[in-house]
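This is input01.txt (compact mmCIF, C-alpha atoms and all ligand atoms).
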```txt
# COMPACT_ATOMS: atom_id res chain seq x y z
CA MET N 1 1.80 -20.27 -21.74
CA ASP N 2 4.56 -20.73 -19.21
CA ALA N 3 3.06 -21.72 -15.79
CA ALA N 4 5.25 -19.34 -13.77
CA HIS N 5 4.31 -16.43 -16.03
CA PHE N 6 0.63 -17.33 -15.76
CA ARG N 7 0.87 -17.48 -11.95
CA HIS N 8 2.52 -14.06 -11.89
CA VAL N 9 -0.12 -12.48 -14.13
CA VAL N 10 -3.13 -14.08 -12.48
CA GLY N 11 -1.76 -12.98 -9.08
CA HIS N 12 -2.96 -9.49 -10.05
CA LEU N 13 -6.55 -10.66 -9.63
CA ALA N 14 -7.16 -9.76 -5.97
CA SER N 15 -9.46 -11.98 -3.94
CA GLY N 16 -10.76 -12.69 -0.48
CA VAL N 17 -9.39 -15.61 1.53
CA THR N 18 -11.44 -18.48 2.92
CA VAL N 19 -10.91 -21.76 4.74
CA ILE N 20 -12.94 -24.61 3.26
CA THR N 21 -13.91 -27.09 5.96
CA THR N 22 -15.68 -30.42 5.94
CA ASP N 23 -15.71 -33.67 7.88
CA THR N 24 -16.08 -37.33 7.20
CA GLY N 25 -17.54 -38.68 10.41
CA ASP N 26 -14.69 -38.38 12.94
CA ILE N 27 -12.12 -36.52 10.91
CA ARG N 28 -12.23 -32.75 10.29
CA TYR N 29 -10.59 -31.29 7.20
CA GLY N 30 -9.75 -27.74 6.28
CA MET N 31 -7.72 -25.85 3.69
CA THR N 32 -7.11 -22.26 2.74
CA ALA N 33 -8.72 -21.39 -0.58
CA SER N 34 -9.08 -18.18 -2.54
CA SER N 35 -10.64 -19.72 -5.65
CA VAL N 36 -14.08 -19.48 -4.12
CA THR N 37 -16.94 -17.38 -5.41
CA SER N 38 -20.68 -16.96 -5.38
CA LEU N 39 -22.32 -18.54 -8.41
CA SER N 40 -26.02 -17.79 -8.46
CA ALA N 41 -28.51 -16.08 -6.17
CA ASP N 42 -31.58 -18.09 -7.14
CA PRO N 43 -30.96 -20.81 -6.22
CA PRO N 44 -28.17 -19.62 -3.91
CA MET N 45 -25.00 -21.38 -5.01
CA MET N 46 -21.27 -21.14 -4.44
CA LEU N 47 -18.28 -22.70 -6.11
CA ALA N 48 -14.90 -23.70 -4.74
CA CYS N 49 -11.93 -24.90 -6.82
CA LEU N 50 -9.85 -27.41 -4.90
CA ASN N 51 -6.67 -29.18 -5.94
CA ASN N 52 -7.32 -32.90 -6.26
CA SER N 53 -4.06 -33.71 -4.50
CA VAL N 54 -5.18 -32.00 -1.28
CA PRO N 55 -6.85 -34.26 1.33
CA THR N 56 -9.70 -31.75 1.82
CA ALA N 57 -10.76 -32.16 -1.86
CA GLY N 58 -11.18 -35.94 -1.40
CA ALA N 59 -13.03 -35.35 1.87
CA VAL N 60 -15.50 -32.92 0.23
CA THR N 61 -16.13 -35.50 -2.50
CA SER N 62 -16.92 -38.20 0.05
CA SER N 63 -18.90 -36.03 2.52
CA GLY N 64 -20.80 -34.17 -0.23
CA ARG N 65 -20.69 -30.98 1.87
CA TYR N 66 -18.40 -28.08 2.59
CA ALA N 67 -18.37 -24.84 4.55
CA VAL N 68 -16.81 -21.61 3.33
CA ASN N 69 -15.27 -19.66 6.25
CA VAL N 70 -14.48 -16.13 5.05
CA LEU N 71 -11.41 -14.84 6.92
CA GLY N 72 -11.13 -11.40 8.48
CA ASP N 73 -8.12 -9.11 8.18
CA GLY N 74 -6.57 -10.25 11.46
CA GLN N 75 -6.55 -13.91 10.41
CA GLY N 76 -3.45 -14.15 8.24
CA GLU N 77 -1.95 -16.71 10.65
CA LEU N 78 -5.03 -18.89 10.25
CA ALA N 79 -4.72 -18.70 6.46
CA ARG N 80 -1.12 -19.89 6.74
CA GLN N 81 -2.03 -22.63 9.23
CA PHE N 82 -4.68 -24.07 6.90
CA ALA N 83 -2.35 -23.81 3.89
CA SER N 84 0.32 -26.07 5.38
CA PRO N 85 -0.02 -29.84 5.56
CA SER N 86 -0.60 -31.02 9.14
CA THR N 87 -2.28 -33.89 10.93
CA ASP N 88 -3.98 -31.33 13.18
CA LYS N 89 -4.99 -28.33 11.07
CA PHE N 90 -7.48 -27.15 13.71
CA ARG N 91 -4.84 -26.81 16.47
CA GLY N 92 -5.76 -23.87 18.74
CA VAL N 93 -8.67 -22.81 16.51
CA ALA N 94 -12.12 -22.08 18.00
CA VAL N 95 -14.68 -24.17 16.10
CA HIS N 96 -18.42 -24.69 16.43
CA PRO N 97 -20.83 -26.89 14.46
CA GLY N 98 -22.96 -25.27 11.74
CA THR N 99 -26.52 -26.06 10.65
CA LEU N 100 -25.26 -29.01 8.60
CA GLY N 101 -22.97 -30.01 11.46
CA LEU N 102 -19.87 -28.89 9.56
CA PRO N 103 -16.94 -27.46 11.57
CA LEU N 104 -17.13 -23.66 11.35
CA LEU N 105 -14.24 -21.40 12.40
CA SER N 106 -15.90 -19.34 15.12
CA ASP N 107 -13.95 -16.11 14.50
CA ALA N 108 -14.41 -16.04 10.72
CA LEU N 109 -16.05 -13.00 9.11
CA ALA N 110 -18.80 -15.09 7.45
CA HIS N 111 -19.85 -18.74 7.16
CA ILE N 112 -21.60 -20.39 4.23
CA GLU N 113 -22.53 -24.07 4.39
CA CYS N 114 -23.12 -25.90 1.11
CA GLU N 115 -24.17 -29.29 -0.21
CA VAL N 116 -22.30 -30.39 -3.31
CA ALA N 117 -24.69 -30.24 -6.28
CA GLU N 118 -22.16 -30.98 -9.01
CA ARG N 119 -18.46 -31.61 -9.53
CA VAL N 120 -16.60 -30.41 -12.60
CA THR N 121 -12.99 -31.30 -13.38
CA GLY N 122 -10.72 -28.45 -14.49
CA GLY N 123 -7.04 -29.30 -14.97
CA THR N 124 -5.58 -30.41 -11.62
CA HIS N 125 -8.62 -29.11 -9.72
CA THR N 126 -12.22 -30.03 -9.05
CA ILE N 127 -14.84 -27.27 -9.07
CA PHE N 128 -17.39 -28.07 -6.38
CA LEU N 129 -20.70 -26.39 -7.14
CA GLY N 130 -22.58 -26.10 -3.87
CA ARG N 131 -26.20 -25.38 -2.95
CA VAL N 132 -26.14 -22.96 -0.02
CA ARG N 133 -27.94 -24.31 3.05
CA SER N 134 -26.99 -21.69 5.63
CA ALA N 135 -25.19 -18.36 5.59
CA THR N 136 -24.22 -15.94 8.37
CA ALA N 137 -22.02 -12.85 8.43
CA GLY N 138 -20.49 -10.77 11.24
CA ASN N 139 -18.77 -7.41 11.25
CA GLY N 140 -15.24 -6.59 10.23
CA GLN N 141 -12.87 -6.18 7.33
CA PRO N 142 -11.82 -9.07 5.10
CA LEU N 143 -8.39 -10.58 4.60
CA THR N 144 -7.28 -10.23 0.97
CA TYR N 145 -4.83 -12.00 -1.33
CA PHE N 146 -2.93 -10.17 -4.07
CA ARG N 147 0.27 -11.06 -5.95
CA GLY N 148 1.07 -13.88 -3.57
CA GLY N 149 0.68 -11.79 -0.41
CA LEU N 150 -2.00 -11.35 2.24
CA GLY N 151 -3.31 -7.87 2.90
CA ARG N 152 -6.19 -5.62 3.86
CA PHE N 153 -9.12 -4.18 2.03
CA ALA N 154 -9.84 -0.44 2.00
CA PHE N 155 -12.91 1.32 0.64
CA ALA N 156 -11.95 3.93 -1.97
CA ARG N 157 -14.51 6.13 -0.22
CA ASP N 158 -12.52 5.91 3.04
CA ASP N 159 -9.40 7.23 1.33
CA GLU N 160 -11.34 10.11 -0.11
CA VAL N 161 -12.84 10.97 3.30
CA TYR N 162 -9.39 10.76 4.90
CA GLY N 163 -8.07 13.18 2.23
CA ARG N 164 -10.80 15.70 3.05
CA ALA N 165 -10.30 15.31 6.81
CA ARG N 166 -6.58 15.91 6.32
CA GLU N 167 -7.30 19.06 4.34
CA LEU N 168 -9.55 20.29 7.16
CA VAL N 169 -6.82 19.81 9.74
CA LEU N 170 -4.08 21.30 7.58
CA SER N 171 -6.23 24.30 6.70
CA ARG N 172 -6.61 24.91 10.45
CA ALA N 173 -10.37 24.48 10.53
CA TYR N 174 -9.60 23.34 14.09
CA ALA N 175 -7.17 25.14 16.42
CA ALA N 176 -4.04 23.49 17.80
CA ASP N 177 -4.90 21.27 20.79
CA GLU N 178 -8.65 21.55 20.10
CA THR N 179 -10.61 18.32 20.58
CA LEU N 180 -11.91 16.71 17.43
CA PRO N 181 -15.06 14.74 18.34
CA LEU N 182 -15.91 11.87 16.01
CA GLU N 183 -19.53 13.02 15.58
CA ASP N 184 -18.42 16.54 14.75
CA LEU N 185 -15.94 15.39 12.12
CA ALA N 186 -18.52 13.00 10.59
CA GLU N 187 -21.08 15.81 10.37
CA ARG N 188 -18.62 18.30 8.87
CA LEU N 189 -17.59 15.81 6.21
CA GLY N 190 -21.16 14.57 5.61
CA VAL N 191 -20.17 10.92 6.17
CA ASP N 192 -21.01 8.14 8.62
CA GLN N 193 -19.02 7.71 11.80
CA ALA N 194 -17.22 4.59 10.54
CA ALA N 195 -15.66 6.58 7.68
CA ALA N 196 -14.82 9.48 10.03
CA PHE N 197 -13.22 7.03 12.49
CA TYR N 198 -11.08 5.55 9.73
CA ALA N 199 -9.95 9.10 8.83
CA LEU N 200 -9.07 9.81 12.48
CA THR N 201 -6.94 6.68 12.79
CA ARG N 202 -5.02 7.65 9.62
CA LEU N 203 -4.61 11.24 10.86
CA SER N 204 -3.24 9.94 14.11
CA SER N 205 -0.65 7.78 12.35
CA ASP N 206 0.26 10.93 10.38
CA ALA N 207 0.79 12.59 13.81
CA LEU N 208 -1.69 15.31 12.83
CA VAL N 209 -4.02 14.32 15.66
CA ARG N 210 -3.26 12.43 18.84
CA ARG N 211 -5.35 10.38 21.19
CA ASP N 212 -5.75 11.89 24.64
CA ALA N 213 -6.93 9.53 27.41
CA ASP N 214 -9.48 12.05 28.75
CA ARG N 215 -10.40 14.20 25.76
CA GLY N 216 -10.36 11.71 22.88
CA TYR N 217 -8.82 12.88 19.59
CA VAL N 218 -7.14 16.30 19.72
CA ILE N 219 -5.33 18.33 17.06
CA ALA N 220 -1.62 17.76 17.66
CA PRO N 221 0.06 21.14 17.94
CA LEU N 222 3.25 21.64 15.97
CA ASP N 223 5.93 23.12 18.21
CA VAL N 224 9.65 23.84 17.81
CA ARG N 225 10.65 20.62 19.53
CA THR N 226 8.60 18.41 17.18
CA SER N 227 9.91 20.28 14.18
CA ASP N 228 13.55 20.08 15.35
CA GLU N 229 13.22 16.39 16.11
CA THR N 230 11.72 15.65 12.71
CA PHE N 231 14.36 17.55 10.74
CA ASP N 232 17.18 16.16 12.91
CA ALA N 233 15.90 12.63 12.33
CA ARG N 234 15.84 13.19 8.57
CA HIS N 235 19.30 14.68 8.77
CA ALA N 236 20.68 11.71 10.73
CA ILE N 237 19.24 9.29 8.17
CA GLU N 238 20.62 11.29 5.26
CA LEU N 239 24.10 11.58 6.77
CA GLY N 240 24.17 7.81 7.19
CA VAL N 241 22.87 7.34 3.65
CA LEU N 242 25.54 9.68 2.24
CA SER N 243 28.35 7.69 3.81
CA ILE N 244 26.88 4.50 2.33
CA ILE N 245 26.19 5.77 -1.18
CA ILE N 246 29.04 8.16 -1.98
CA GLY N 247 31.06 6.53 -4.71
CA ALA N 248 28.52 3.68 -5.03
CA THR N 249 25.88 5.50 -7.10
CA THR N 250 25.65 4.97 -10.85
CA ASP N 251 25.54 7.75 -13.43
CA ASP N 252 21.88 6.93 -14.08
CA GLU N 253 21.08 7.35 -10.39
CA ILE N 254 22.84 10.69 -10.25
CA ALA N 255 20.94 11.79 -13.37
CA GLU N 256 17.69 10.79 -11.65
CA LEU N 257 18.66 12.75 -8.51
CA ARG N 258 19.31 15.82 -10.68
CA ARG N 259 16.05 15.34 -12.54
CA ARG N 260 14.15 15.29 -9.24
CA PHE N 261 16.10 18.26 -7.94
CA ASP N 262 15.32 20.32 -11.08
CA ALA N 263 11.61 19.42 -10.86
CA MET N 264 11.60 20.71 -7.29
CA ALA N 265 13.70 23.83 -7.94
CA ALA N 266 11.31 24.91 -10.72
CA LEU N 267 8.57 25.32 -8.11
CA LEU N 268 10.47 27.79 -5.93
CA VAL N 269 10.97 30.92 -7.99
CA GLY N 270 12.69 33.96 -6.53
CA GLU N 271 11.73 33.98 -2.87
CA ARG N 272 8.31 32.33 -3.32
CA PHE N 273 6.72 28.92 -3.77
CA VAL N 274 4.86 28.93 -7.08
CA ASP N 275 2.96 25.80 -6.04
CA PHE N 276 3.61 24.81 -2.42
CA HIS N 277 2.03 21.34 -2.60
CA GLY N 278 3.85 20.60 -5.85
CA TYR N 279 7.10 21.75 -4.23
CA LEU N 280 6.45 19.62 -1.17
CA ASP N 281 5.80 16.49 -3.24
CA ALA N 282 8.87 17.13 -5.39
CA ASN N 283 11.04 17.81 -2.34
CA TYR N 284 9.84 14.59 -0.72
CA ALA N 285 10.40 12.62 -3.94
CA LEU N 286 14.00 13.93 -4.11
CA HIS N 287 14.89 13.05 -0.53
CA GLU N 288 13.08 9.72 -0.57
CA TYR N 289 15.02 8.79 -3.70
CA LEU N 290 18.29 9.81 -2.06
CA VAL N 291 17.52 7.55 0.93
CA SER N 292 16.43 4.69 -1.34
CA LEU N 293 19.89 4.70 -2.96
CA ALA N 294 21.15 2.97 0.22
CA ARG N 295 19.06 0.00 -0.97
CA ASN N 296 17.70 -0.70 2.50
CA PRO N 297 13.87 -0.93 2.48
CA LEU N 298 13.76 -0.62 6.28
CA LEU N 299 15.61 2.67 6.11
CA THR N 300 13.34 3.99 3.34
CA ALA N 301 10.26 2.97 5.35
CA THR N 302 11.64 4.66 8.48
CA PHE N 303 12.21 7.82 6.48
CA GLY N 304 8.58 7.64 5.33
CA ARG N 305 7.37 7.41 8.92
CA LEU N 306 9.04 10.67 10.00
CA GLY N 307 5.99 12.65 8.86
CA ILE N 308 8.25 15.25 7.30
CA LYS N 309 5.54 16.37 4.88
CA ASN N 310 3.22 17.17 7.76
CA VAL N 311 5.76 19.33 9.50
CA MET N 312 6.56 21.13 6.25
CA THR N 313 2.89 21.60 5.30
CA ARG N 314 1.96 23.01 8.67
CA SER N 315 4.93 25.37 8.81
CA PHE N 316 6.25 26.36 5.37
CA GLY N 317 2.78 25.85 3.97
CA VAL N 318 1.32 28.82 5.86
CA THR N 319 2.95 31.37 3.55
CA PRO N 320 4.16 31.40 -0.06
CA GLU N 321 7.18 33.39 1.10
CA THR N 322 10.37 31.39 1.32
CA SER N 323 14.00 31.58 0.26
CA GLN N 324 16.25 30.45 -2.60
CA LYS N 325 18.67 29.37 0.13
CA PHE N 326 16.70 26.12 0.44
CA VAL N 327 17.27 25.31 -3.21
CA GLU N 328 20.95 26.27 -2.95
CA ALA N 329 21.59 24.07 0.10
CA GLN N 330 20.01 21.09 -1.64
CA ARG N 331 22.03 21.87 -4.78
CA HIS N 332 25.21 21.62 -2.68
CA LEU N 333 24.03 18.28 -1.34
CA ILE N 334 23.28 16.85 -4.81
CA ASP N 335 26.47 18.31 -6.31
CA GLY N 336 28.45 16.62 -3.53
CA VAL N 337 26.88 13.24 -4.34
CA ALA N 338 27.50 13.77 -8.06
CA ALA N 339 31.15 14.70 -7.42
CA ARG N 340 31.51 11.66 -5.10
CA ASP N 341 32.65 14.16 -2.46
CA LEU N 342 31.33 13.04 0.92
CA GLU N 343 32.40 16.15 2.80
CA ALA N 344 30.74 18.50 0.30
CA ALA N 345 27.53 16.45 0.35
CA ARG N 346 27.51 16.43 4.16
CA ARG N 347 28.01 20.19 4.28
CA GLY N 348 25.00 20.61 1.98
CA ALA N 349 22.91 18.33 4.22
CA VAL N 350 23.91 20.24 7.39
CA GLU N 351 23.16 23.59 5.74
CA TYR N 352 19.75 22.39 4.56
CA CYS N 353 18.77 20.94 7.94
CA GLU N 354 19.76 24.12 9.83
CA LEU N 355 17.89 26.33 7.36
CA ALA N 356 14.72 24.26 7.67
CA LYS N 357 14.76 24.23 11.46
CA GLN N 358 15.44 27.98 11.59
CA ARG N 359 12.63 28.80 9.18
CA VAL N 360 10.08 26.71 11.11
CA ARG N 361 11.21 28.40 14.33
CA GLU N 362 10.48 31.81 12.80
CA ILE N 363 7.05 30.70 11.58
CA ILE N 364 6.12 29.14 14.94
CA ALA N 365 7.37 32.20 16.86
CA ALA N 366 5.27 34.46 14.63
CA ALA N 367 2.23 32.28 15.45
CA GLY N 368 2.82 32.51 19.22
CA GLY N 369 4.68 29.29 20.09
CA SER N 370 2.72 26.52 18.37
CA ILE N 371 0.60 26.09 15.27
C1 LIG T 1 -4.04 -17.51 0.11
C2 LIG T 1 -4.11 -18.96 -0.36
C3 LIG T 1 -5.10 -19.33 -1.23
C4 LIG T 1 -5.20 -20.65 -1.68
N1 LIG T 1 -6.21 -21.00 -2.51
C5 LIG T 1 -6.33 -22.28 -2.91
C6 LIG T 1 -7.44 -22.67 -3.72
O1 LIG T 1 -8.30 -21.86 -4.07
N2 LIG T 1 -7.53 -23.97 -4.09
C7 LIG T 1 -6.58 -24.89 -3.71
O2 LIG T 1 -6.71 -26.05 -4.09
N3 LIG T 1 -5.53 -24.56 -2.92
C8 LIG T 1 -5.39 -23.28 -2.51
N4 LIG T 1 -4.36 -22.92 -1.69
C9 LIG T 1 -3.37 -23.94 -1.30
C10 LIG T 1 -3.87 -24.84 -0.18
O3 LIG T 1 -4.34 -24.10 0.92
C11 LIG T 1 -2.71 -25.75 0.28
O4 LIG T 1 -2.37 -26.57 -0.80
C12 LIG T 1 -3.04 -26.58 1.49
O5 LIG T 1 -1.84 -26.98 2.06
C13 LIG T 1 -3.83 -27.78 1.20
O6 LIG T 1 -4.16 -28.55 2.36
P1 LIG T 1 -3.32 -29.83 2.92
O7 LIG T 1 -2.35 -29.21 3.85
O8 LIG T 1 -4.34 -30.61 3.65
O9 LIG T 1 -2.63 -30.52 1.80
C14 LIG T 1 -4.25 -21.62 -1.24
C15 LIG T 1 -3.24 -21.23 -0.35
C16 LIG T 1 -3.18 -19.92 0.10
C17 LIG T 1 -2.10 -19.52 1.07
```
Would you put the structure from the file into structure tokens?
Amino acid sequence: MDAAHFRHVVGHLASGVTVITTDTGDIRYGMTASSVTSLSADPPMMLACLNNSVPTAGAVTSSGRYAVNVLGDGQGELARQFASPSTDKFRGVAVHPGTLGLPLLSDALAHIECEVAERVTGGTHTIFLGRVRSATAGNGQPLTYFRGGLGRFAFARDDEVYGRARELVLSRAYAADETLPLEDLAERLGVDQAAAFYALTRLSSDALVRRDADRGYVIAPLDVRTSDETFDARHAIELGVLSIIIGATTDDEIAELRRRFDAMAALLVGERFVDFHGYLDANYALHEYLVSLARNPLLTATFGRLGIKNVMTRSFGVTPETSQKFVEAQRHLIDGVAARDLEAARRGAVEYCELAKQRVREIIAAAGGSI
């Protein structure tokens, strides 16, 4: 087995991130380690796999003790600091002595102090089996490590609760500008306040709710200005993208654009959406793909942050009635790209943007100014 291939594959095994600390009299040692796990509950034991070439491994062997400091999700910098060789790894780090006197990182999510019970050699590493002598945990979310990158952990349950909260807001269970108290949302969803709070923070980054200094979370009303700004921003991005990609797209990319366009067009039959959410997803997938053809991840991410789906859901989503003109305008856009005709593609983009803004204006006017 090729080592690089193995590293790539095993990177799919997500883990937490710890800093293993120890000391040998005057000198403190520490290193970032993810190959750390609990071993048995009775007796309580841990194991840590440390590379023999790292000074901390030798120090654990001579001290016979180590502490596992479990890092929280805001401690990526600390993970990097303890993963780089330095004569002063603990620079700027708050530390306090544990029960065994080991240096503990004060802001870590949890601390577990161990005495080495056994050492096992495995390849380049030593597995230190440790008897747990003290263990404490605080509150917070853990730092995680996956495919060579640091990240955050999310409960699957939180995503599900967020999905239901989003449905509530989009289905207008609350009126525009109404306050959305945390306790009320938690009760309506039948979940604890932590899960409801997580949902509120996601809804606020979706711009569906906003935080008001006096009233707390309120339902963000959708008005003509917000809608115009969102569609104009998409339009500006797409015009820029068109001037970058015209003539630079491959036949395969144009075929993929057409495939996405056809998938979307099939969901708007006559003057009606046959499946609004399906249409919305397909429409988004088409435009996101168009933007991605500029091969600029920052641009694609910026496009994602416009919240275009929210504006469309809260406006077009209120009625199945729509118009074939939307499909036609987007056909002109795609045809222009396929023909490598910048002017034709731009005309399609302008037509589509104006149609969208006009339609939202009609829907908002019919609802009395904001929805
Ligand atoms: C997220 C992460 C996890 C790591 N996990 C381990 C590990 O489990 N065992 C290990 O020996 N080194 C691991 N390392 C590498 C060590 O932290 C790195 O070799 C460190 O520089 C060693 O300390 P030194 O600077 O004193 O040599 C990891 C590094 C990172 C960034």
field: Test item: residues at most 8 Å from Ile246 of chain N, all atoms listed in the file, excluding those fewer than 4 positions along its chain, as a PyMOL selection string
entry: chain N and resi 242+337+340-342
task: Would you mind telling me which residue in N:Leu185, N:Arg314, N:Arg305, N:Glu160 lies nearest to Leu208 of chain N when using all atoms listed in the file?
output: N:Arg314
- request: Within 9 Å of ligand LIG 1 (chain T), which residues show up when you count all atoms listed in the file? List them as number ranges by chain, please.
  value: N: 15-20, 29-36, 48-57, 76, 79-87, 89, 124-126, 144-146, 148-150
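In this structure, atom CA of Ile244 of chain N sits 24.3 Å away from atom CA of Met264 of chain N.
Close to (-18.0, -26.3, 9.1), meaning no more than 8 Å away when counting all atoms listed in the file, sit the residues Ile20, Thr21, Thr22, Asp23, Tyr66, Ala67, Val68, Asn69, His96, Pro97, Gly98, Leu100, Gly101, Leu102, Pro103, Leu104, Leu105 and Glu113 of chain N.
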Please, which residues in segment 253-328 of chain N fall within 10 Å of segment 347-351 of chain N when counting all atoms listed in the file, and what is the closest atom pair and distance in Å to one decimal for each, ordered by chain then residue number, as a tab-separated table?
```
residue	atom	partner	partner_atom	distance
N:Lys325	CA	N:Glu351	CA	9.2
N:Phe326	CA	N:Glu351	CA	8.7
N:Glu328	CA	N:Gly348	CA	8.5
```
- request: Compute the distance from (0.2, 32.6, 14.6) to each atom, counting all atoms listed in the file, keep the residues with any atom at most 12 Å away, and return them as a ChimeraX atom specification; use the coordinates of the file.
  value: /N:172,175-176,221-223,314-315,318-319,361-371
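Closest to Asp88 of chain N among N:Ile27, N:Asp232, N:Tyr352, N:Val70 is N:Ile27, based on only C-alpha atoms.
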When you look at segment 272-277 of chain N with a cut-off of 6 Å (counting all atoms listed in the file), what residues show up, excluding the ones that are within fewer than 5 positions of it in the same chain? I need them as a JSON list (two decimals) with C-alpha atoms, in the coordinates of the input.
```json
[["chain", "number", "residue", "atom", "x", "y", "z"],
["N", 267, "LEU", "CA", 8.57, 25.32, -8.11],
["N", 320, "PRO", "CA", 4.16, 31.40, -0.06],
["N", 321, "GLU", "CA", 7.18, 33.39, 1.10],
["N", 322, "THR", "CA", 10.37, 31.39, 1.32]]
```
query: Quick one, how far is atom CA of Val269 of chain N from atom CA of Ala339 of chain N?
result: 25.9 Å
For the structure just given, write the atoms of segment 51-64 of chain N, namely N, CA and C atoms, as a PDB file, in the first residue's frame.
```
ATOM      1  N   ASN N  51       4.298   9.701  17.652  1.00  0.00           N
ATOM      2  CA  ASN N  51       5.453   9.425  16.803  1.00  0.00           C
ATOM      3  C   ASN N  51       6.731   9.464  17.647  1.00  0.00           C
ATOM      4  N   ASN N  52       7.532   8.411  17.516  1.00  0.00           N
ATOM      5  CA  ASN N  52       8.737   8.325  18.353  1.00  0.00           C
ATOM      6  C   ASN N  52       9.736   9.446  18.094  1.00  0.00           C
ATOM      7  N   SER N  53       9.624  10.087  16.928  1.00  0.00           N
ATOM      8  CA  SER N  53      10.597  11.139  16.610  1.00  0.00           C
ATOM      9  C   SER N  53      10.236  12.478  17.260  1.00  0.00           C
ATOM     10  N   VAL N  54       9.054  12.553  17.863  1.00  0.00           N
ATOM     11  CA  VAL N  54       8.602  13.822  18.438  1.00  0.00           C
ATOM     12  C   VAL N  54       9.066  13.908  19.911  1.00  0.00           C
ATOM     13  N   PRO N  55       9.630  15.049  20.309  1.00  0.00           N
ATOM     14  CA  PRO N  55      10.152  15.148  21.688  1.00  0.00           C
ATOM     15  C   PRO N  55       9.131  14.764  22.756  1.00  0.00           C
ATOM     16  N   THR N  56       7.840  15.082  22.520  1.00  0.00           N
ATOM     17  CA  THR N  56       6.826  14.784  23.541  1.00  0.00           C
ATOM     18  C   THR N  56       6.743  13.268  23.812  1.00  0.00           C
ATOM     19  N   ALA N  57       6.957  12.444  22.762  1.00  0.00           N
ATOM     20  CA  ALA N  57       6.864  10.981  22.955  1.00  0.00           C
ATOM     21  C   ALA N  57       7.941  10.513  23.946  1.00  0.00           C
ATOM     22  N   GLY N  58       9.175  11.027  23.751  1.00  0.00           N
ATOM     23  CA  GLY N  58      10.272  10.661  24.671  1.00  0.00           C
ATOM     24  C   GLY N  58       9.972  11.153  26.072  1.00  0.00           C
ATOM     25  N   ALA N  59       9.371  12.357  26.165  1.00  0.00           N
ATOM     26  CA  ALA N  59       9.080  12.938  27.483  1.00  0.00           C
ATOM     27  C   ALA N  59       8.001  12.123  28.204  1.00  0.00           C
ATOM     28  N   VAL N  60       7.011  11.614  27.466  1.00  0.00           N
ATOM     29  CA  VAL N  60       5.958  10.794  28.106  1.00  0.00           C
ATOM     30  C   VAL N  60       6.584   9.490  28.602  1.00  0.00           C
ATOM     31  N   THR N  61       7.502   8.933  27.810  1.00  0.00           N
ATOM     32  CA  THR N  61       8.182   7.706  28.246  1.00  0.00           C
ATOM     33  C   THR N  61       8.930   7.968  29.549  1.00  0.00           C
ATOM     34  N   SER N  62       9.658   9.083  29.626  1.00  0.00           N
ATOM     35  CA  SER N  62      10.443   9.279  30.855  1.00  0.00           C
ATOM     36  C   SER N  62       9.600   9.754  32.032  1.00  0.00           C
ATOM     37  N   SER N  63       8.519  10.541  31.776  1.00  0.00           N
ATOM     38  CA  SER N  63       7.725  10.999  32.940  1.00  0.00           C
ATOM     39  C   SER N  63       6.726   9.933  33.390  1.00  0.00           C
ATOM     40  N   GLY N  64       6.319   9.072  32.443  1.00  0.00           N
ATOM     41  CA  GLY N  64       5.334   8.018  32.771  1.00  0.00           C
ATOM     42  C   GLY N  64       3.929   8.588  32.943  1.00  0.00           C
TER      43      GLY N  64
END
```
